[in-house]
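Reproduced below: data.cif, with mmCIF, N, CA and C atoms.
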```
data_upload
loop_
_atom_site.label_atom_id
_atom_site.label_comp_id
_atom_site.auth_asym_id
_atom_site.auth_seq_id
_atom_site.Cartn_x
_atom_site.Cartn_y
_atom_site.Cartn_z
N MET U 1119 284.61 114.64 178.82
CA MET U 1119 284.25 113.74 177.74
C MET U 1119 282.86 114.11 177.23
N SER U 1120 282.72 114.21 175.94
CA SER U 1120 281.43 114.59 175.35
C SER U 1120 280.42 113.44 175.45
N LYS U 1121 279.19 113.80 175.26
CA LYS U 1121 278.12 112.80 175.29
C LYS U 1121 278.36 111.74 174.21
N LEU U 1122 278.77 112.18 173.01
CA LEU U 1122 279.01 111.25 171.91
C LEU U 1122 280.17 110.31 172.24
N SER U 1123 281.22 110.84 172.85
CA SER U 1123 282.36 110.00 173.24
C SER U 1123 281.94 108.94 174.25
N THR U 1124 281.09 109.33 175.18
CA THR U 1124 280.58 108.39 176.18
C THR U 1124 279.74 107.30 175.52
N GLN U 1125 278.88 107.70 174.58
CA GLN U 1125 278.06 106.73 173.85
C GLN U 1125 278.94 105.80 173.02
N PHE U 1126 280.00 106.35 172.43
CA PHE U 1126 280.92 105.55 171.62
C PHE U 1126 281.60 104.50 172.48
N GLU U 1127 282.10 104.89 173.64
CA GLU U 1127 282.76 103.95 174.55
C GLU U 1127 281.78 102.87 175.01
N ALA U 1128 280.54 103.26 175.29
CA ALA U 1128 279.53 102.28 175.70
C ALA U 1128 279.22 101.32 174.55
N ALA U 1129 279.13 101.84 173.33
CA ALA U 1129 278.86 100.99 172.17
C ALA U 1129 280.02 100.03 171.94
N ALA U 1130 281.25 100.49 172.14
CA ALA U 1130 282.42 99.61 171.99
C ALA U 1130 282.34 98.46 172.99
N ALA U 1131 281.94 98.77 174.21
CA ALA U 1131 281.79 97.72 175.22
C ALA U 1131 280.65 96.78 174.85
N ASN U 1132 279.54 97.34 174.36
CA ASN U 1132 278.38 96.53 173.97
C ASN U 1132 278.66 95.64 172.77
N SER U 1133 279.59 96.06 171.91
CA SER U 1133 279.88 95.28 170.71
C SER U 1133 280.45 93.91 171.04
N LYS U 1134 281.00 93.77 172.23
CA LYS U 1134 281.57 92.49 172.66
C LYS U 1134 280.49 91.55 173.22
N ASN U 1135 279.29 92.08 173.41
CA ASN U 1135 278.22 91.30 174.03
C ASN U 1135 276.97 91.18 173.16
N LEU U 1136 277.15 91.21 171.84
CA LEU U 1136 276.00 91.09 170.95
C LEU U 1136 275.40 89.69 171.07
N SER U 1137 274.08 89.60 170.89
CA SER U 1137 273.41 88.31 171.06
C SER U 1137 273.83 87.29 170.01
N GLU U 1138 274.13 87.75 168.80
CA GLU U 1138 274.64 86.83 167.78
C GLU U 1138 275.75 87.51 166.99
N ARG U 1139 276.62 86.69 166.44
CA ARG U 1139 277.77 87.21 165.70
C ARG U 1139 277.29 87.78 164.36
N PRO U 1140 277.66 89.05 164.06
CA PRO U 1140 277.28 89.64 162.77
C PRO U 1140 277.99 88.95 161.61
N ASP U 1141 277.47 89.12 160.41
CA ASP U 1141 278.13 88.56 159.23
C ASP U 1141 279.45 89.32 158.98
N ASN U 1142 280.28 88.77 158.11
CA ASN U 1142 281.60 89.33 157.88
C ASN U 1142 281.57 90.77 157.37
N ALA U 1143 280.63 91.09 156.50
CA ALA U 1143 280.52 92.45 155.97
C ALA U 1143 280.23 93.45 157.10
N THR U 1144 279.35 93.05 158.01
CA THR U 1144 279.01 93.91 159.15
C THR U 1144 280.19 94.04 160.09
N LEU U 1145 280.91 92.93 160.32
CA LEU U 1145 282.10 92.99 161.17
C LEU U 1145 283.14 93.94 160.59
N LEU U 1146 283.31 93.92 159.28
CA LEU U 1146 284.26 94.85 158.65
C LEU U 1146 283.80 96.30 158.82
N LYS U 1147 282.50 96.54 158.72
CA LYS U 1147 281.95 97.89 158.91
C LYS U 1147 282.18 98.36 160.35
N ILE U 1148 281.96 97.46 161.32
CA ILE U 1148 282.19 97.78 162.72
C ILE U 1148 283.66 98.14 162.93
N TYR U 1149 284.54 97.32 162.39
CA TYR U 1149 285.98 97.56 162.51
C TYR U 1149 286.36 98.91 161.90
N ALA U 1150 285.91 99.15 160.68
CA ALA U 1150 286.28 100.37 159.97
C ALA U 1150 285.78 101.62 160.69
N LEU U 1151 284.55 101.59 161.14
CA LEU U 1151 284.00 102.74 161.85
C LEU U 1151 284.74 102.98 163.17
N TYR U 1152 285.07 101.90 163.87
CA TYR U 1152 285.81 102.04 165.12
C TYR U 1152 287.17 102.68 164.87
N LYS U 1153 287.89 102.17 163.86
CA LYS U 1153 289.22 102.71 163.55
C LYS U 1153 289.13 104.17 163.11
N GLN U 1154 288.16 104.50 162.27
CA GLN U 1154 288.02 105.87 161.79
C GLN U 1154 287.69 106.80 162.95
N ALA U 1155 286.84 106.34 163.87
CA ALA U 1155 286.45 107.17 165.01
C ALA U 1155 287.58 107.33 166.02
N SER U 1156 288.37 106.29 166.21
CA SER U 1156 289.40 106.34 167.25
C SER U 1156 290.77 106.77 166.75
N VAL U 1157 291.08 106.50 165.47
CA VAL U 1157 292.42 106.81 164.93
C VAL U 1157 292.36 107.92 163.88
N GLY U 1158 291.30 107.92 163.08
CA GLY U 1158 291.20 108.87 161.97
C GLY U 1158 291.48 108.17 160.65
N ASP U 1159 291.87 108.94 159.66
CA ASP U 1159 292.12 108.38 158.32
C ASP U 1159 293.21 107.32 158.36
N ASN U 1160 293.03 106.32 157.51
CA ASN U 1160 293.98 105.22 157.38
C ASN U 1160 295.25 105.72 156.70
N THR U 1161 296.37 105.65 157.42
CA THR U 1161 297.67 106.03 156.85
C THR U 1161 298.63 104.85 156.85
N GLU U 1162 298.11 103.68 157.22
CA GLU U 1162 298.95 102.49 157.28
C GLU U 1162 299.21 101.93 155.90
N LYS U 1163 300.30 101.19 155.77
CA LYS U 1163 300.65 100.55 154.51
C LYS U 1163 299.66 99.41 154.25
N LYS U 1164 299.25 99.27 152.99
CA LYS U 1164 298.31 98.21 152.62
C LYS U 1164 298.98 96.86 152.80
N PRO U 1165 298.32 95.92 153.48
CA PRO U 1165 298.89 94.57 153.67
C PRO U 1165 299.12 93.87 152.33
N GLY U 1166 300.02 92.94 152.36
CA GLY U 1166 300.35 92.18 151.16
C GLY U 1166 299.20 91.31 150.67
N PHE U 1167 299.34 90.83 149.45
CA PHE U 1167 298.31 90.04 148.79
C PHE U 1167 297.96 88.77 149.56
N THR U 1168 298.92 88.19 150.27
CA THR U 1168 298.67 86.94 150.98
C THR U 1168 297.92 87.15 152.30
N ASP U 1169 297.86 88.38 152.81
CA ASP U 1169 297.15 88.67 154.05
C ASP U 1169 295.73 89.14 153.71
N MET U 1170 294.87 88.16 153.40
CA MET U 1170 293.53 88.49 152.92
C MET U 1170 292.67 89.18 153.98
N VAL U 1171 292.78 88.76 155.23
CA VAL U 1171 291.98 89.36 156.29
C VAL U 1171 292.47 90.79 156.54
N GLY U 1172 293.78 90.96 156.66
CA GLY U 1172 294.34 92.28 156.88
C GLY U 1172 294.00 93.23 155.75
N ARG U 1173 294.01 92.70 154.55
CA ARG U 1173 293.71 93.52 153.37
C ARG U 1173 292.24 93.94 153.37
N ALA U 1174 291.34 93.03 153.75
CA ALA U 1174 289.91 93.35 153.81
C ALA U 1174 289.65 94.42 154.86
N LYS U 1175 290.31 94.29 156.00
CA LYS U 1175 290.16 95.30 157.07
C LYS U 1175 290.70 96.65 156.61
N TRP U 1176 291.88 96.64 155.95
CA TRP U 1176 292.48 97.87 155.46
C TRP U 1176 291.56 98.55 154.45
N ASP U 1177 291.03 97.75 153.52
CA ASP U 1177 290.14 98.30 152.49
C ASP U 1177 288.87 98.91 153.11
N ALA U 1178 288.30 98.21 154.09
CA ALA U 1178 287.08 98.70 154.74
C ALA U 1178 287.35 100.03 155.44
N TRP U 1179 288.47 100.11 156.15
CA TRP U 1179 288.82 101.34 156.85
C TRP U 1179 289.13 102.45 155.85
N ASN U 1180 289.83 102.12 154.79
CA ASN U 1180 290.24 103.12 153.80
C ASN U 1180 289.05 103.74 153.07
N THR U 1181 287.94 103.00 152.96
CA THR U 1181 286.75 103.56 152.30
C THR U 1181 286.14 104.71 153.09
N LEU U 1182 286.48 104.80 154.37
CA LEU U 1182 285.95 105.87 155.23
C LEU U 1182 286.86 107.09 155.29
N LYS U 1183 287.92 107.09 154.51
CA LYS U 1183 288.88 108.20 154.51
C LYS U 1183 288.12 109.51 154.28
N GLY U 1184 288.40 110.48 155.12
CA GLY U 1184 287.75 111.78 155.01
C GLY U 1184 286.51 111.92 155.88
N THR U 1185 286.05 110.82 156.46
CA THR U 1185 284.89 110.87 157.35
C THR U 1185 285.31 111.50 158.67
N ALA U 1186 284.57 112.48 159.12
CA ALA U 1186 284.88 113.17 160.38
C ALA U 1186 284.76 112.21 161.55
N THR U 1187 285.57 112.45 162.56
CA THR U 1187 285.58 111.59 163.75
C THR U 1187 284.19 111.48 164.37
N ASN U 1188 283.52 112.61 164.55
CA ASN U 1188 282.18 112.58 165.16
C ASN U 1188 281.17 111.83 164.30
N ASP U 1189 281.28 111.97 162.98
CA ASP U 1189 280.38 111.23 162.09
C ASP U 1189 280.62 109.72 162.21
N ALA U 1190 281.90 109.32 162.25
CA ALA U 1190 282.22 107.90 162.39
C ALA U 1190 281.74 107.37 163.74
N MET U 1191 281.92 108.16 164.79
CA MET U 1191 281.44 107.75 166.12
C MET U 1191 279.94 107.53 166.11
N GLN U 1192 279.21 108.48 165.53
CA GLN U 1192 277.74 108.37 165.51
C GLN U 1192 277.30 107.17 164.69
N GLN U 1193 277.92 106.93 163.54
CA GLN U 1193 277.58 105.77 162.73
C GLN U 1193 277.87 104.47 163.48
N TYR U 1194 278.98 104.44 164.22
CA TYR U 1194 279.34 103.26 165.00
C TYR U 1194 278.30 103.01 166.08
N VAL U 1195 277.95 104.06 166.82
CA VAL U 1195 276.94 103.95 167.90
C VAL U 1195 275.62 103.45 167.31
N ASP U 1196 275.21 104.01 166.17
CA ASP U 1196 273.94 103.61 165.55
C ASP U 1196 273.98 102.16 165.08
N LEU U 1197 275.12 101.74 164.49
CA LEU U 1197 275.23 100.38 164.00
C LEU U 1197 275.18 99.38 165.15
N ILE U 1198 275.91 99.62 166.22
CA ILE U 1198 275.90 98.70 167.37
C ILE U 1198 274.50 98.66 167.99
N ALA U 1199 273.84 99.81 168.07
CA ALA U 1199 272.48 99.85 168.62
C ALA U 1199 271.52 99.01 167.76
N SER U 1200 271.70 99.05 166.44
CA SER U 1200 270.82 98.29 165.56
C SER U 1200 271.06 96.78 165.67
N LEU U 1201 272.24 96.40 166.11
CA LEU U 1201 272.57 94.98 166.26
C LEU U 1201 272.25 94.43 167.63
N SER U 1202 271.99 95.30 168.59
CA SER U 1202 271.75 94.87 169.97
C SER U 1202 270.31 94.41 170.17
#
```

For the file at hand, write its structure as structure tokens.
Amino acid sequence: MSKLSTQFEAAAANSKNLSERPDNATLLKIYALYKQASVGDNTEKKPGFTDMVGRAKWDAWNTLKGTATNDAMQQYVDLIASLS
């Protein structure tokens, strides 16, 4: 496991123990970066109009399409570190 992968896993664990809950925009960024780093580009079907939360998450992840896995991991690690 690479150093970045280890940092990413540690940041994922730390994200569950933040001192205060981030705002919704930050939560969407955390979600999107995690999905891009762990799954890659969004290939899922866009949720329906009535699923507002699912749609917001899909949109946030989709904006990162084309971002390299390592770049997404580093951005995730940096974001969690800035919130800790």

With distances taken over all atoms listed in the file, the candidate from U:Ser1120, U:Gln1125, U:Thr1161, U:Thr1168 nearest Met1191 in chain U is U:Gln1125

Which residue out of U:Ala1129, U:Leu1182, U:Leu1136, U:Met1170 has the minimum interatomic distance to Tyr1194 in chain U when all atoms listed in the file are used?
U:Ala1129

Which residues fall under the PyMOL selection byres ((chain U and resi 1154) around 7) in this file, as a ChimeraX atom specification?
/U:1149-1153,1155-1160,1179,1182,1185-1187,1190-1191

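CA of Ser1200 in chain U to atom C of Asp1169 in chain U spans 29.1 Å [interatomic distance, one decimal].
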
What is the distance, in Å and to one decimal place, between atom C of Asp1196 in chain U and atom N of Gly1184 in chain U?
19.4 Å
